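**Student:** Structure in C-alpha cells, see below.
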Amino acid sequence: MNFPFYIARRYLFSKKSTNVINIISAISVVGVAVAAMALVVTLSVFNGFSDLVATLFTAFDPQIEIMPVQGKTAPADDPILTEIKALPEVAVATECVEDQALAVYDGRQAMVTIKGVDDNFDQLTHIRDILWGTGSFELHAADLNYGILGIRLAEQLGTGAHFDSPIQIYAPRREGQLDMSDPSDGFIQDELYSPNVVFEVMQAKYDRNYILTGIGFARRIFFRQGEISALELRLQPGVDFEKTKEHIKTLCGDRYRVLDRYEQQDDTFRIMKIEKLIAYIFLTFILMVACFNIIGSLSMLIIDKKDDVVTLRNLGATDTQITRIFLFEGRLIAVIGAAIGIALGLLLCWLQQTFGIISLGSSEGAFIINAYPVSVHPWDIVLILVTVLAVGFMAVWYPVRYFSRRLLQ
C-alpha cells in the first residue's frame, strides 16, 4: 500500500481537532465541484447550439461544394468538373450561378442574392422540407421564370408566399458600352414570377437575402453563359465521405476549393468555437479561484498535524513521504471535486435534454426550439477532467512544499 496516500486518505475523512478544517475541506470540494459542473454544462450548451445550427444548414447547403480559387466563376465544361460529375460516388451534381442584384416589388426594393440552380436542386438538398405555401418546388414553366424567396425577404418586399405581379430584378450590365445619358442603361432587367411558396432556413443569411431560381435566368441576367459559380454535390448513400472528399480534392488540385457543410459556413462555426473557447478560459479562471480554498484547507491541516508529523518522523517516515501526504490530500480534494462536479453536470445535461427545464422564452414557438439545446461531447468531458486535475494539482504543489519545508525544519 502507498503509505503517504493511506495517511492522506485518513486525514481527509477523519475528524480534525478543529472543526473549521473539516468545513474548509468540504467547501474546497464543493468549490471544485461547482466549477467542474459549470464547465460541463456551459460547454455542452455551446455544443448544443453548434449542432442545432448544423442541422438548420443541411436543408439548403449541399454535402460538398466546389468553387474556383480565383475569380467568381469557372467554365461549366471544365474537364475536371466533368470528371467529378461522372464519379460513381456522386449521386446528384447541380450547377450553380450566384450573384447579387436589386429586387423591386410594389415600390419596395432590396439587395438580394440570386442563386440559380438546376432543376434537380430538390434532389441535392432537402429544400422541399422548408417550403411554405400552396405551391411546390418549381423554377420555371414555359417562358416564365419563378423565384422562391426567403421568408424574411418576402416580408421585407411585402410579397408573401404568393405575389400577383412579378418581381423586377436588376443586375449591373457587364458587357457592351453604356449610355451615360441614361443611367438605367447600366442595368439589365428581368422578371421573376411566384411559385406560391417561400423557403425558411431559420438563418438570416438565407431567409433575408436569397432568391432561388433557375440557372438559365441567373446566367442570362448576370451574363454568365457557359459559366458556373459552384458545382454542388450529393454523394451516394453509404460512401466514405472523407475518402471521397479527399479524392475530389486531389482531382481539383489548386484550381478549386472543396468545401463540406461546415466549411461552407466556416465564419459561423469559427465564431461559435471562439465563444466556446472564451467561456472555457473564464470558467478555468473561476476554477483557479476555487482552488484557493484547497490551499487554505491544506495550510490549516499542516498546522493542525504538527504533532503527527513528529510521530511519523520518529517512526521512520522521510521528509519526502511526509510532504507527499499533504500533496495527496490536496489532490484527493481535486479528484473528488472533479468527479462530483462532472457527475452533477452530466445529470443536469440529461435533465435538460429530457425535460427541457430551462426554456428559451415564455411563449411556445417563439424560438426555433423551446429549451436550451444540450449536447455532451466525450472529448469535452476528458478536457474538463484534465483541466480540473491539472489546476488542482498545480494549486497545491507550491503551498504544500512551502509549508512542509517550514514544518520540517
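Order determines the names: the first chain of the C-alpha cells is A, the second B, and so forth; residues in each chain are numbered 1 upward, and ligands are numbered 1 upward as they are shown.
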Excluding same-chain residues fewer than 6 positions from Val90 (chain A), what lies within 10 Å of it counting only C-alpha atoms, as a list in words?
**Tutor:** Ile84, Leu233, Arg234, Leu235, Gln236, Pro237, Val239 and Thr244 of chain A
**Student:** Please determine, counting only C-alpha atoms, which residue among A:Val29, A:Leu52, A:Val396, A:Ala36 has the shortest atom-to-atom distance to Leu283 (chain A).
**Tutor:** A:Ala36
**Student:** To one decimal place, how far is CA of Ala390 (chain A) from CA of Ile24 (chain A) in Å?
**Tutor:**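 Interatomic distance, CA of Ala390 (chain A) to CA of Ile24 (chain A): 20.9 Å.
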**Student:** For Leu102 (chain A), find every residue with an atom within 7 Å (counting only C-alpha atoms), except residues of its own chain fewer than 4 positions away, and show them as a tab-separated table (two decimals) with C-alpha atoms, in the first residue's frame.
**Tutor:**
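The resulting part-v9.tsv:
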chain	number	residue	atom	x	y	z
A	109	GLN	CA	-36.67	47.27	-53.02
A	110	ALA	CA	-33.89	45.17	-51.51
A	111	MET	CA	-30.42	44.00	-52.40
A	112	VAL	CA	-30.67	40.25	-52.84
A	169	ILE	CA	-34.73	42.06	-60.90
A	170	TYR	CA	-31.93	44.49	-61.86
A	171	ALA	CA	-28.30	43.46	-62.31
